[in-house]
Amino acid sequence: MRVENKRYVYGLDLAWSTGIAIYDLEEDKFVYVSSCDAKKTKLRAQEKRDGLLEHGKKLRTLAVFLEDLFNEYPPSQIVIEKAFAGQFKNAVISLSKVHGMVNEMTADIPCVYYTPPEIKKAIIKGGADKEVIAKVISAKYNYLTFKNDDESDATAVALTYLIKNNLIKWEK
């Protein structure tokens with residue numbers, strides 16, 4: 001069901017397991033927090049023999065999931081946690097594929113990236129780990145429950161945008 005005339009801010013923690021948090025600017029609340037785990041998407045034996053790419057199937061899993069959400073909650077702003085993969089070449093390649101796919105899907109929607117330190121600084125005073133940030137968010141939004149770090153990270157990303165743009169009141 002598509003809701004017309006709503007403005008939604010998407011917080012995304014992109015990876016093969018992507019966290020998604022959707023904030024309704026009119027209702028002034030989070031209306032959706034979940035994740036999509038494309039790591040579970042595997043090729044069948046025949047697909048491997050046919051030369052299909054597992055990354056392609058994983059990307060399709062994420063794209064279909066996001067497309068369904070975009071249809072139900074049309075995004076007016078996309079906010080993404082800036083990728084960090086350290087020294088792992090394969091992780092960088094995978095993250096680049098996911099980010100590229102989402103950038104293409106949202107090419108006509110304003111998008112901003114925030115680094116993990118920017119997110120921590122906006123939510124608390126900086127320097128805290130994911131668990132502390134998730135607890136702070138849960139305390140302020142007691143109706144939210146997080147099944148994993150991807151979901152709490154996506155929520156923190158969306159909150160960073162809302163805080164930095166004075167769309168919500170936030171006290172550290």
# chains A, B, ... in the order shown; residues from 1 in each chain; ligands from 1
>>> select_by_dssp(residues="range 30-117 of chain A", states="strand (DSSP E or B)", output="ChimeraX atom specification")
/A:30-37,75-81,111-114
>>> write_last_selection(atoms="C-alpha atoms", output="PDB file, in the first residue's frame")
ATOM      1  CA  PHE A  30      10.035   5.620  12.727  1.00  0.00           C
ATOM      2  CA  VAL A  31       7.503   3.626  10.736  1.00  0.00           C
ATOM      3  CA  TYR A  32       9.752   0.768   9.665  1.00  0.00           C
ATOM      4  CA  VAL A  33      12.964  -0.833  10.937  1.00  0.00           C
ATOM      5  CA  SER A  34      14.193  -4.145   9.561  1.00  0.00           C
ATOM      6  CA  SER A  35      16.968  -5.814   7.630  1.00  0.00           C
ATOM      7  CA  CYS A  36      17.442  -7.929   4.549  1.00  0.00           C
ATOM      8  CA  ASP A  37      20.067 -10.673   4.663  1.00  0.00           C
ATOM      9  CA  PRO A  75      11.816   7.993  -0.077  1.00  0.00           C
ATOM     10  CA  SER A  76      12.357  11.734  -0.054  1.00  0.00           C
ATOM     11  CA  GLN A  77      15.859  11.448   1.428  1.00  0.00           C
ATOM     12  CA  ILE A  78      18.386   8.615   1.528  1.00  0.00           C
ATOM     13  CA  VAL A  79      21.014   8.545   4.265  1.00  0.00           C
ATOM     14  CA  ILE A  80      23.769   5.941   4.114  1.00  0.00           C
ATOM     15  CA  GLU A  81      26.551   4.941   6.457  1.00  0.00           C
ATOM     16  CA  CYS A 111      21.400  11.186  -0.758  1.00  0.00           C
ATOM     17  CA  VAL A 112      23.954  11.901   1.927  1.00  0.00           C
ATOM     18  CA  TYR A 113      26.677   9.726   3.442  1.00  0.00           C
ATOM     19  CA  TYR A 114      27.884   9.890   7.052  1.00  0.00           C
TER      20      TYR A 114
END
>>> select_by_dssp(residues="range 88-168 of chain A", states="alpha helix (DSSP H)", output="PyMOL selection string")
chain A and resi 89-105+116-123+130-140+149-164
>>> residues_around(residues="range 121-130 of chain A", least_positions_apart="5", cutoff="12 Å", atoms="only C-alpha atoms", output="PyMOL selection string")
chain A and resi 114-116+135-138+140+146+148-166+168-172
